[in-house]
file query01.cif (mmCIF, N, CA and C atoms)
data_coords
loop_
_atom_site.label_atom_id
_atom_site.label_comp_id
_atom_site.auth_asym_id
_atom_site.auth_seq_id
_atom_site.Cartn_x
_atom_site.Cartn_y
_atom_site.Cartn_z
N MET O 27 -34.78 11.77 4.35
CA MET O 27 -33.39 11.38 4.60
C MET O 27 -32.62 12.59 5.08
N SER O 28 -31.97 12.50 6.23
CA SER O 28 -31.21 13.62 6.75
C SER O 28 -29.82 13.66 6.15
N ALA O 29 -29.22 14.83 6.16
CA ALA O 29 -27.87 14.99 5.63
C ALA O 29 -26.89 14.20 6.49
N PRO O 30 -25.83 13.62 5.88
CA PRO O 30 -24.90 12.77 6.63
C PRO O 30 -24.26 13.43 7.83
N ASN O 31 -24.00 14.74 7.80
CA ASN O 31 -23.29 15.34 8.91
C ASN O 31 -24.20 15.70 10.08
N THR O 32 -25.49 15.38 9.97
CA THR O 32 -26.39 15.66 11.08
C THR O 32 -26.69 14.40 11.89
N ALA O 33 -25.92 13.35 11.65
CA ALA O 33 -26.13 12.08 12.35
C ALA O 33 -25.80 12.24 13.83
N PRO O 34 -26.40 11.40 14.67
CA PRO O 34 -26.05 11.45 16.10
C PRO O 34 -24.60 11.07 16.30
N ALA O 35 -24.09 11.33 17.46
CA ALA O 35 -22.69 11.03 17.77
C ALA O 35 -22.37 9.57 17.42
N ALA O 36 -21.16 9.38 16.92
CA ALA O 36 -20.75 8.04 16.48
C ALA O 36 -20.72 7.07 17.65
N LYS O 37 -21.23 5.86 17.39
CA LYS O 37 -21.18 4.80 18.38
C LYS O 37 -19.76 4.24 18.41
N LYS O 38 -19.44 3.52 19.48
CA LYS O 38 -18.12 2.91 19.58
C LYS O 38 -17.95 1.90 18.47
N VAL O 39 -16.90 2.06 17.71
CA VAL O 39 -16.60 1.15 16.62
C VAL O 39 -15.08 1.06 16.52
N THR O 40 -14.60 -0.11 16.17
CA THR O 40 -13.17 -0.30 16.01
C THR O 40 -12.85 -0.32 14.52
N ILE O 41 -11.86 0.46 14.13
CA ILE O 41 -11.43 0.50 12.74
C ILE O 41 -9.98 0.04 12.70
N SER O 42 -9.71 -0.91 11.83
CA SER O 42 -8.36 -1.43 11.69
C SER O 42 -7.41 -0.34 11.18
N ASN O 43 -6.20 -0.32 11.74
CA ASN O 43 -5.20 0.63 11.25
C ASN O 43 -4.70 0.23 9.87
N LYS O 44 -5.14 -0.93 9.38
CA LYS O 44 -4.77 -1.39 8.05
C LYS O 44 -5.86 -1.07 7.02
N LEU O 45 -6.89 -0.34 7.43
CA LEU O 45 -7.97 0.04 6.54
C LEU O 45 -7.39 0.64 5.26
N LYS O 46 -7.76 0.08 4.12
CA LYS O 46 -7.22 0.52 2.83
C LYS O 46 -8.03 1.71 2.32
N ILE O 47 -7.35 2.86 2.21
CA ILE O 47 -8.01 4.13 1.89
C ILE O 47 -7.44 4.71 0.60
N LEU O 48 -8.33 5.25 -0.24
CA LEU O 48 -7.91 5.97 -1.44
C LEU O 48 -8.26 7.44 -1.25
N VAL O 49 -7.26 8.31 -1.37
CA VAL O 49 -7.43 9.76 -1.26
C VAL O 49 -7.39 10.34 -2.67
N VAL O 50 -8.44 11.08 -3.04
CA VAL O 50 -8.57 11.62 -4.39
C VAL O 50 -8.71 13.13 -4.31
N ASP O 51 -7.71 13.85 -4.82
CA ASP O 51 -7.75 15.31 -4.83
C ASP O 51 -6.77 15.80 -5.88
N ASP O 52 -7.14 16.82 -6.64
CA ASP O 52 -6.25 17.32 -7.68
C ASP O 52 -5.13 18.21 -7.14
N MET O 53 -5.22 18.59 -5.86
CA MET O 53 -4.19 19.42 -5.25
C MET O 53 -3.22 18.55 -4.46
N PRO O 54 -1.95 18.44 -4.91
CA PRO O 54 -0.99 17.59 -4.20
C PRO O 54 -0.84 17.95 -2.72
N THR O 55 -0.87 19.23 -2.40
CA THR O 55 -0.73 19.66 -1.02
C THR O 55 -1.90 19.15 -0.18
N MET O 56 -3.10 19.22 -0.72
CA MET O 56 -4.27 18.75 0.03
C MET O 56 -4.21 17.25 0.23
N ARG O 57 -3.77 16.50 -0.79
CA ARG O 57 -3.62 15.05 -0.62
C ARG O 57 -2.66 14.75 0.52
N LYS O 58 -1.55 15.47 0.55
CA LYS O 58 -0.54 15.26 1.61
C LYS O 58 -1.12 15.60 2.98
N VAL O 59 -1.88 16.67 3.07
CA VAL O 59 -2.50 17.07 4.35
C VAL O 59 -3.46 15.98 4.82
N ILE O 60 -4.31 15.49 3.91
CA ILE O 60 -5.28 14.45 4.28
C ILE O 60 -4.57 13.18 4.72
N ILE O 61 -3.56 12.77 3.97
CA ILE O 61 -2.81 11.56 4.33
C ILE O 61 -2.12 11.74 5.68
N HIS O 62 -1.57 12.92 5.92
CA HIS O 62 -0.94 13.20 7.21
C HIS O 62 -1.97 13.11 8.34
N MET O 63 -3.15 13.69 8.12
CA MET O 63 -4.21 13.62 9.14
C MET O 63 -4.65 12.17 9.37
N LEU O 64 -4.76 11.41 8.31
CA LEU O 64 -5.13 10.00 8.45
C LEU O 64 -4.10 9.26 9.32
N LYS O 65 -2.82 9.54 9.07
CA LYS O 65 -1.77 8.92 9.88
C LYS O 65 -1.88 9.36 11.34
N GLU O 66 -2.19 10.65 11.55
CA GLU O 66 -2.35 11.17 12.92
C GLU O 66 -3.43 10.43 13.69
N ILE O 67 -4.48 10.00 12.99
CA ILE O 67 -5.58 9.31 13.67
C ILE O 67 -5.43 7.79 13.59
N GLY O 68 -4.25 7.33 13.14
CA GLY O 68 -3.94 5.91 13.17
C GLY O 68 -4.29 5.13 11.93
N LEU O 69 -4.57 5.83 10.83
CA LEU O 69 -4.93 5.16 9.57
C LEU O 69 -3.86 5.48 8.53
N ALA O 70 -2.88 4.59 8.42
CA ALA O 70 -1.70 4.88 7.60
C ALA O 70 -1.68 4.17 6.25
N ASN O 71 -2.70 3.37 5.95
CA ASN O 71 -2.70 2.60 4.71
C ASN O 71 -3.47 3.33 3.62
N ALA O 72 -2.93 4.48 3.16
CA ALA O 72 -3.62 5.31 2.18
C ALA O 72 -2.80 5.47 0.92
N SER O 73 -3.50 5.38 -0.21
CA SER O 73 -2.92 5.67 -1.52
C SER O 73 -3.54 6.97 -2.00
N GLU O 74 -2.93 7.57 -3.02
CA GLU O 74 -3.45 8.84 -3.52
C GLU O 74 -3.44 8.90 -5.04
N VAL O 75 -4.44 9.59 -5.59
CA VAL O 75 -4.52 9.88 -7.02
C VAL O 75 -5.04 11.31 -7.17
N ASP O 76 -4.85 11.87 -8.38
CA ASP O 76 -5.16 13.29 -8.54
C ASP O 76 -6.46 13.64 -9.26
N ASP O 77 -7.24 12.64 -9.65
CA ASP O 77 -8.56 12.95 -10.21
C ASP O 77 -9.44 11.71 -10.19
N GLY O 78 -10.71 11.92 -10.45
CA GLY O 78 -11.67 10.84 -10.40
C GLY O 78 -11.45 9.77 -11.45
N ASP O 79 -10.90 10.15 -12.59
CA ASP O 79 -10.60 9.19 -13.65
C ASP O 79 -9.54 8.20 -13.18
N GLN O 80 -8.46 8.72 -12.62
CA GLN O 80 -7.40 7.86 -12.08
C GLN O 80 -7.90 7.05 -10.90
N ALA O 81 -8.77 7.66 -10.10
CA ALA O 81 -9.33 6.95 -8.95
C ALA O 81 -10.11 5.73 -9.40
N TRP O 82 -10.94 5.88 -10.43
CA TRP O 82 -11.76 4.77 -10.90
C TRP O 82 -10.87 3.63 -11.40
N ILE O 83 -9.80 3.96 -12.13
CA ILE O 83 -8.85 2.95 -12.59
C ILE O 83 -8.22 2.24 -11.39
N GLU O 84 -7.79 3.00 -10.40
CA GLU O 84 -7.16 2.45 -9.19
C GLU O 84 -8.14 1.55 -8.42
N ILE O 85 -9.38 2.00 -8.30
CA ILE O 85 -10.41 1.23 -7.59
C ILE O 85 -10.65 -0.11 -8.29
N LYS O 86 -10.79 -0.09 -9.61
CA LYS O 86 -11.05 -1.32 -10.37
C LYS O 86 -9.84 -2.25 -10.33
N ASN O 87 -8.63 -1.69 -10.41
CA ASN O 87 -7.42 -2.52 -10.33
C ASN O 87 -7.28 -3.17 -8.96
N ALA O 88 -7.63 -2.44 -7.91
CA ALA O 88 -7.55 -3.00 -6.56
C ALA O 88 -8.52 -4.17 -6.40
N ILE O 89 -9.69 -4.06 -7.01
CA ILE O 89 -10.66 -5.16 -6.96
C ILE O 89 -10.12 -6.35 -7.73
N LYS O 90 -9.56 -6.08 -8.90
CA LYS O 90 -8.99 -7.15 -9.73
C LYS O 90 -7.87 -7.87 -8.98
N ASP O 91 -7.10 -7.13 -8.18
CA ASP O 91 -6.00 -7.71 -7.40
C ASP O 91 -6.49 -8.30 -6.07
N ASN O 92 -7.79 -8.28 -5.85
CA ASN O 92 -8.42 -8.84 -4.65
C ASN O 92 -8.02 -8.11 -3.36
N VAL O 93 -7.71 -6.82 -3.48
CA VAL O 93 -7.41 -5.97 -2.32
C VAL O 93 -8.17 -4.64 -2.47
N PRO O 94 -9.51 -4.70 -2.42
CA PRO O 94 -10.30 -3.50 -2.68
C PRO O 94 -10.12 -2.42 -1.62
N TYR O 95 -10.39 -1.19 -2.04
CA TYR O 95 -10.36 -0.08 -1.10
C TYR O 95 -11.55 -0.21 -0.16
N GLU O 96 -11.32 0.16 1.10
CA GLU O 96 -12.35 0.06 2.13
C GLU O 96 -12.93 1.43 2.49
N LEU O 97 -12.31 2.49 1.96
CA LEU O 97 -12.80 3.85 2.16
C LEU O 97 -12.24 4.72 1.05
N ILE O 98 -13.10 5.56 0.48
CA ILE O 98 -12.67 6.53 -0.53
C ILE O 98 -12.90 7.91 0.07
N VAL O 99 -11.86 8.74 0.04
CA VAL O 99 -11.92 10.12 0.52
C VAL O 99 -11.64 11.00 -0.69
N SER O 100 -12.63 11.79 -1.11
CA SER O 100 -12.50 12.51 -2.38
C SER O 100 -12.92 13.97 -2.29
N ASP O 101 -12.19 14.80 -3.01
CA ASP O 101 -12.59 16.18 -3.25
C ASP O 101 -13.74 16.17 -4.27
N ILE O 102 -14.44 17.27 -4.40
CA ILE O 102 -15.49 17.35 -5.42
C ILE O 102 -14.94 17.97 -6.70
N ASN O 103 -14.33 19.13 -6.59
CA ASN O 103 -13.90 19.87 -7.78
C ASN O 103 -12.55 19.39 -8.28
N MET O 104 -12.60 18.57 -9.35
CA MET O 104 -11.38 18.04 -9.97
C MET O 104 -11.58 17.98 -11.47
N PRO O 105 -10.47 17.99 -12.22
CA PRO O 105 -10.59 17.86 -13.68
C PRO O 105 -11.00 16.44 -14.08
N LYS O 106 -11.33 16.27 -15.31
CA LYS O 106 -11.73 15.00 -15.91
C LYS O 106 -13.00 14.47 -15.27
N VAL O 107 -12.88 13.67 -14.22
CA VAL O 107 -14.02 13.12 -13.51
C VAL O 107 -14.02 13.74 -12.11
N ASN O 108 -15.07 14.51 -11.78
CA ASN O 108 -15.09 15.16 -10.47
C ASN O 108 -15.57 14.20 -9.39
N GLY O 109 -15.58 14.66 -8.16
CA GLY O 109 -15.93 13.80 -7.03
C GLY O 109 -17.35 13.27 -7.07
N LEU O 110 -18.30 14.09 -7.53
CA LEU O 110 -19.68 13.62 -7.64
C LEU O 110 -19.82 12.57 -8.73
N GLU O 111 -19.12 12.76 -9.83
CA GLU O 111 -19.16 11.76 -10.91
C GLU O 111 -18.51 10.45 -10.45
N LEU O 112 -17.41 10.56 -9.70
CA LEU O 112 -16.76 9.37 -9.17
C LEU O 112 -17.71 8.66 -8.19
N LEU O 113 -18.35 9.41 -7.32
CA LEU O 113 -19.31 8.84 -6.37
C LEU O 113 -20.41 8.09 -7.12
N GLU O 114 -20.91 8.68 -8.18
CA GLU O 114 -21.97 8.04 -8.97
C GLU O 114 -21.48 6.73 -9.59
N LYS O 115 -20.25 6.73 -10.12
CA LYS O 115 -19.67 5.49 -10.67
C LYS O 115 -19.55 4.42 -9.59
N VAL O 116 -19.05 4.82 -8.43
CA VAL O 116 -18.86 3.88 -7.32
C VAL O 116 -20.21 3.29 -6.90
N ARG O 117 -21.22 4.12 -6.76
CA ARG O 117 -22.53 3.65 -6.30
C ARG O 117 -23.27 2.82 -7.35
N ASN O 118 -22.96 3.03 -8.63
CA ASN O 118 -23.64 2.29 -9.70
C ASN O 118 -22.95 0.98 -10.07
N ASP O 119 -21.81 0.69 -9.46
CA ASP O 119 -21.09 -0.54 -9.76
C ASP O 119 -21.34 -1.56 -8.64
N PRO O 120 -21.83 -2.76 -8.99
CA PRO O 120 -22.13 -3.76 -7.96
C PRO O 120 -20.94 -4.12 -7.07
N GLN O 121 -19.72 -4.02 -7.60
CA GLN O 121 -18.53 -4.37 -6.81
C GLN O 121 -18.13 -3.29 -5.81
N THR O 122 -18.58 -2.06 -6.03
CA THR O 122 -18.14 -0.95 -5.18
C THR O 122 -19.27 -0.19 -4.50
N LYS O 123 -20.50 -0.57 -4.78
CA LYS O 123 -21.63 0.26 -4.33
C LYS O 123 -21.71 0.43 -2.82
N ARG O 124 -21.13 -0.48 -2.05
CA ARG O 124 -21.17 -0.36 -0.58
C ARG O 124 -19.89 0.22 0.02
N THR O 125 -18.95 0.60 -0.83
CA THR O 125 -17.69 1.17 -0.33
C THR O 125 -17.96 2.53 0.31
N PRO O 126 -17.56 2.72 1.55
CA PRO O 126 -17.75 4.02 2.20
C PRO O 126 -17.06 5.13 1.40
N PHE O 127 -17.76 6.26 1.27
CA PHE O 127 -17.28 7.36 0.43
C PHE O 127 -17.46 8.66 1.21
N LEU O 128 -16.33 9.31 1.50
CA LEU O 128 -16.31 10.57 2.25
C LEU O 128 -15.87 11.68 1.31
N ILE O 129 -16.71 12.71 1.18
CA ILE O 129 -16.35 13.85 0.34
C ILE O 129 -15.78 14.95 1.22
N ILE O 130 -14.67 15.52 0.77
CA ILE O 130 -14.04 16.67 1.43
C ILE O 130 -14.00 17.78 0.40
N THR O 131 -14.59 18.93 0.75
CA THR O 131 -14.70 19.99 -0.24
C THR O 131 -14.74 21.37 0.40
N VAL O 132 -14.52 22.39 -0.39
CA VAL O 132 -14.67 23.77 0.09
C VAL O 132 -16.12 24.20 -0.08
N GLU O 133 -16.89 23.42 -0.79
CA GLU O 133 -18.27 23.79 -1.07
C GLU O 133 -19.19 23.37 0.06
N ASP O 134 -20.02 24.31 0.50
CA ASP O 134 -21.06 23.95 1.46
C ASP O 134 -22.42 24.39 0.92
N GLN O 135 -22.47 24.56 -0.39
CA GLN O 135 -23.72 24.96 -1.02
C GLN O 135 -24.74 23.83 -0.91
N THR O 136 -25.94 24.18 -0.60
CA THR O 136 -27.00 23.20 -0.39
C THR O 136 -27.15 22.27 -1.58
N TYR O 137 -27.11 22.80 -2.81
CA TYR O 137 -27.30 21.95 -4.00
C TYR O 137 -26.24 20.86 -4.07
N THR O 138 -24.99 21.23 -3.89
CA THR O 138 -23.89 20.27 -4.00
C THR O 138 -24.01 19.19 -2.92
N VAL O 139 -24.29 19.62 -1.71
CA VAL O 139 -24.44 18.67 -0.61
C VAL O 139 -25.63 17.74 -0.87
N MET O 140 -26.75 18.29 -1.29
CA MET O 140 -27.93 17.47 -1.57
C MET O 140 -27.68 16.50 -2.72
N LYS O 141 -26.94 16.94 -3.73
CA LYS O 141 -26.60 16.05 -4.85
C LYS O 141 -25.75 14.89 -4.34
N ALA O 142 -24.78 15.17 -3.50
CA ALA O 142 -23.92 14.12 -2.93
C ALA O 142 -24.76 13.15 -2.10
N VAL O 143 -25.70 13.67 -1.31
CA VAL O 143 -26.58 12.82 -0.50
C VAL O 143 -27.44 11.94 -1.41
N GLN O 144 -28.00 12.54 -2.47
CA GLN O 144 -28.82 11.77 -3.41
C GLN O 144 -28.02 10.65 -4.07
N LEU O 145 -26.74 10.90 -4.31
CA LEU O 145 -25.89 9.90 -4.95
C LEU O 145 -25.40 8.83 -3.97
N GLY O 146 -25.64 9.05 -2.68
CA GLY O 146 -25.28 8.03 -1.70
C GLY O 146 -23.96 8.25 -0.98
N VAL O 147 -23.54 9.50 -0.83
CA VAL O 147 -22.31 9.78 -0.09
C VAL O 147 -22.47 9.27 1.35
N SER O 148 -21.42 8.73 1.90
CA SER O 148 -21.47 8.22 3.28
C SER O 148 -21.42 9.36 4.29
N ASN O 149 -20.65 10.40 3.98
CA ASN O 149 -20.53 11.57 4.83
C ASN O 149 -19.72 12.61 4.08
N TYR O 150 -19.65 13.82 4.62
CA TYR O 150 -18.85 14.86 3.97
C TYR O 150 -18.27 15.80 5.00
N ILE O 151 -17.20 16.49 4.57
CA ILE O 151 -16.52 17.48 5.42
C ILE O 151 -16.29 18.71 4.55
N VAL O 152 -16.54 19.88 5.14
CA VAL O 152 -16.26 21.14 4.46
C VAL O 152 -14.91 21.65 4.97
N LYS O 153 -14.01 21.99 4.03
CA LYS O 153 -12.70 22.54 4.40
C LYS O 153 -12.88 23.94 4.96
N PRO O 154 -12.00 24.37 5.87
CA PRO O 154 -10.93 23.63 6.54
C PRO O 154 -11.50 22.73 7.65
N PHE O 155 -10.71 21.75 8.04
CA PHE O 155 -11.14 20.81 9.07
C PHE O 155 -9.91 20.30 9.82
N SER O 156 -10.18 19.68 10.96
CA SER O 156 -9.10 19.18 11.81
C SER O 156 -9.04 17.65 11.73
N PRO O 157 -7.95 17.06 12.21
CA PRO O 157 -7.88 15.59 12.28
C PRO O 157 -9.03 15.00 13.12
N ASN O 158 -9.45 15.70 14.17
CA ASN O 158 -10.55 15.20 15.00
C ASN O 158 -11.86 15.13 14.23
N ILE O 159 -12.11 16.12 13.39
CA ILE O 159 -13.33 16.09 12.57
C ILE O 159 -13.25 14.95 11.57
N LEU O 160 -12.08 14.77 10.94
CA LEU O 160 -11.89 13.68 10.00
C LEU O 160 -12.13 12.34 10.69
N LYS O 161 -11.55 12.17 11.86
CA LYS O 161 -11.72 10.93 12.62
C LYS O 161 -13.19 10.69 12.95
N ASP O 162 -13.86 11.73 13.43
CA ASP O 162 -15.27 11.61 13.79
C ASP O 162 -16.11 11.18 12.58
N LYS O 163 -15.89 11.80 11.44
CA LYS O 163 -16.68 11.47 10.24
C LYS O 163 -16.42 10.02 9.80
N ILE O 164 -15.18 9.59 9.83
CA ILE O 164 -14.85 8.22 9.44
C ILE O 164 -15.49 7.23 10.41
N TYR O 165 -15.39 7.50 11.70
CA TYR O 165 -15.98 6.60 12.69
C TYR O 165 -17.51 6.56 12.56
N ARG O 166 -18.12 7.70 12.25
CA ARG O 166 -19.58 7.72 12.04
C ARG O 166 -19.97 6.83 10.86
N ILE O 167 -19.18 6.90 9.79
CA ILE O 167 -19.47 6.08 8.60
C ILE O 167 -19.48 4.60 8.98
N PHE O 168 -18.45 4.16 9.70
CA PHE O 168 -18.34 2.73 10.03
C PHE O 168 -19.33 2.31 11.12
N ALA O 169 -19.69 3.24 12.01
CA ALA O 169 -20.71 2.95 13.02
C ALA O 169 -22.06 2.74 12.34
N GLU O 170 -22.37 3.58 11.37
CA GLU O 170 -23.65 3.47 10.65
C GLU O 170 -23.70 2.19 9.82
N GLN O 171 -22.56 1.74 9.31
CA GLN O 171 -22.53 0.51 8.53
C GLN O 171 -22.84 -0.70 9.40
N LYS O 172 -22.48 -0.63 10.68
CA LYS O 172 -22.69 -1.78 11.59
C LYS O 172 -24.13 -1.87 12.06
N GLU O 173 -24.92 -0.80 11.87
CA GLU O 173 -26.31 -0.80 12.34
C GLU O 173 -27.18 -1.71 11.50
#

call {"tool": "encode", "arguments": {"input": "query01.cif", "output": "structure tokens"}}
result
Amino acid sequence: MSAPNTAPAAKKVTISNKLKILVVDDMPTMRKVIIHMLKEIGLANASEVDDGDQAWIEIKNAIKDNVPYELIVSDINMPKVNGLELLEKVRNDPQTKRTPFLIITVEDQTYTVMKAVQLGVSNYIVKPFSPNILKDKIYRIFAEQKE
């Protein structure tokens, strides 16, 4: 299995500007930056939480309300429940196991990346990054889902 960021160029895919996205990061500034970048690339339907524990509550509540998240964008290093633990919860739950999950982190260590791949991450980005990189990674995720 190859690492998610080594995939071939994304195929043409259309993503709704109403795509429901959850941004998970313990740094308020980083959440704002990610949400701003999402808006720049035409994806303005994003909510935010500050750790994996709150994210899991938000994810389950959205399912209960019949408006599940369609993409999760998460940092790795967070208090309480980190991004890898959240990814594991998402992948182990039948209601969320197919939800696209993008990790954004400062870590590019092989172990962390391989652990995320083993847990089923859809793709990842190493900080710093541009809106174009974010857009490319999101489009790759949805292109691969259509295959």

call {"tool": "select_by_dssp", "arguments": {"input": "query01.cif", "residues": "stretch 40-127 of chain O", "states": "strand (DSSP E)", "output": "tab-separated table (two decimals) with N, CA and C atoms, in the coordinates of the input"}}
result
chain	number	residue	atom	x	y	z
O	47	ILE	N	-7.35	2.86	2.21
O	47	ILE	CA	-8.01	4.13	1.89
O	47	ILE	C	-7.44	4.71	0.60
O	48	LEU	N	-8.33	5.25	-0.24
O	48	LEU	CA	-7.91	5.97	-1.44
O	48	LEU	C	-8.26	7.44	-1.25
O	49	VAL	N	-7.26	8.31	-1.37
O	49	VAL	CA	-7.43	9.76	-1.26
O	49	VAL	C	-7.39	10.34	-2.67
O	50	VAL	N	-8.44	11.08	-3.04
O	50	VAL	CA	-8.57	11.62	-4.39
O	50	VAL	C	-8.71	13.13	-4.31
O	72	ALA	N	-2.93	4.48	3.16
O	72	ALA	CA	-3.62	5.31	2.18
O	72	ALA	C	-2.80	5.47	0.92
O	73	SER	N	-3.50	5.38	-0.21
O	73	SER	CA	-2.92	5.67	-1.52
O	73	SER	C	-3.54	6.97	-2.00
O	74	GLU	N	-2.93	7.57	-3.02
O	74	GLU	CA	-3.45	8.84	-3.52
O	74	GLU	C	-3.44	8.90	-5.04
O	75	VAL	N	-4.44	9.59	-5.59
O	75	VAL	CA	-4.52	9.88	-7.02
O	75	VAL	C	-5.04	11.31	-7.17
O	97	LEU	N	-12.31	2.49	1.96
O	97	LEU	CA	-12.80	3.85	2.16
O	97	LEU	C	-12.24	4.72	1.05
O	98	ILE	N	-13.10	5.56	0.48
O	98	ILE	CA	-12.67	6.53	-0.53
O	98	ILE	C	-12.90	7.91	0.07
O	99	VAL	N	-11.86	8.74	0.04
O	99	VAL	CA	-11.92	10.12	0.52
O	99	VAL	C	-11.64	11.00	-0.69
O	100	SER	N	-12.63	11.79	-1.11
O	100	SER	CA	-12.50	12.51	-2.38
O	100	SER	C	-12.92	13.97	-2.29
O	127	PHE	N	-17.76	6.26	1.27
O	127	PHE	CA	-17.28	7.36	0.43
O	127	PHE	C	-17.46	8.66	1.21

call {"tool": "atom_distance", "arguments": {"input": "query01.cif", "atom1": "atom N of O:Gln171", "atom2": "atom C of O:Ile61"}}
result
23.0 Å

call {"tool": "closest_residue", "arguments": {"input": "query01.cif", "among": "O:Thr122, O:Ile130, O:Ser73, O:Leu110", "to": "O:Ser156", "atoms": "only C-alpha atoms"}}
result
O:Ile130

call {"tool": "closest_atom_pairs", "arguments": {"input": "query01.cif", "of": "stretch 86-157 of chain O", "to": "stretch 50-56 of chain O", "cutoff": "6 Å", "atoms": "all atoms listed in the file", "output": "Markdown table"}}
result
| residue | atom | partner | partner_atom | distance |
| --- | --- | --- | --- | --- |
| O:Val99 | C | O:Val50 | N | 4.0 |
| O:Ser100 | CA | O:Val50 | C | 4.3 |
| O:Asp101 | N | O:Val50 | C | 4.1 |
| O:Met104 | CA | O:Asp52 | N | 5.5 |

call {"tool": "atom_distance", "arguments": {"input": "query01.cif", "atom1": "atom CA of O:Val39", "atom2": "atom CA of O:Thr125"}}
result
17.0 Å

call {"tool": "closest_residue", "arguments": {"input": "query01.cif", "among": "O:Asn158, O:Ser42, O:Ser148, O:Asn108", "to": "O:Pro126", "atoms": "only C-alpha atoms"}}
result
O:Ser148

call {"tool": "resolve_selection", "arguments": {"input": "query01.cif", "expression": "the PyMOL selection byres (((chain O and resi 67-72 and name CA) around 9) and name CA)", "output": "VMD selection string"}}
result
chain O and resid 41 to 49 61 to 66 73 to 74 157 to 158 160 to 161

call {"tool": "axis_aligned_box", "arguments": {"input": "query01.cif", "around": "stretch 130-141 of chain O", "padding_each_side": "3 Å", "output": "lines of an AutoDock Vina configuration file"}}
result
center_x = -21.0
center_y = 19.9
center_z = -1.7
size_x = 19.9
size_y = 16.1
size_z = 12.3

call {"tool": "atom_distance", "arguments": {"input": "query01.cif", "atom1": "atom CA of O:Ala81", "atom2": "atom N of O:Lys153"}}
result
20.4 Å

call {"tool": "closest_residue", "arguments": {"input": "query01.cif", "among": "O:Asp76, O:Asp119, O:Glu84, O:Glu170", "to": "O:Lys106", "atoms": "only C-alpha atoms"}}
result
O:Asp76

call {"tool": "select_by_dssp", "arguments": {"input": "query01.cif", "residues": "chain O", "states": "alpha helix (DSSP H)", "output": "PyMOL selection string"}}
result
chain O and resi 54-66+78-90+109-118+136-145+157-172

call {"tool": "closest_residue", "arguments": {"input": "query01.cif", "among": "O:Thr136, O:Asn87, O:Ile129, O:Gln144", "to": "O:Gly109", "atoms": "only N, CA and C atoms"}}
result
O:Ile129

call {"tool": "closest_residue", "arguments": {"input": "query01.cif", "among": "O:Val116, O:Val152, O:Ile60, O:Val132", "to": "O:Asn103", "atoms": "all atoms listed in the file"}}
result
O:Val132

call {"tool": "closest_residue", "arguments": {"input": "query01.cif", "among": "O:Lys172, O:Lys38, O:Lys58, O:Lys141", "to": "O:Glu111", "atoms": "only C-alpha atoms"}}
result
O:Lys141

call {"tool": "residues_around", "arguments": {"input": "query01.cif", "residues": "O:Leu113", "least_positions_apart": "6", "cutoff": "8 Å", "atoms": "only C-alpha atoms", "output": "PyMOL selection string"}}
result
chain O and resi 127+142+145-147
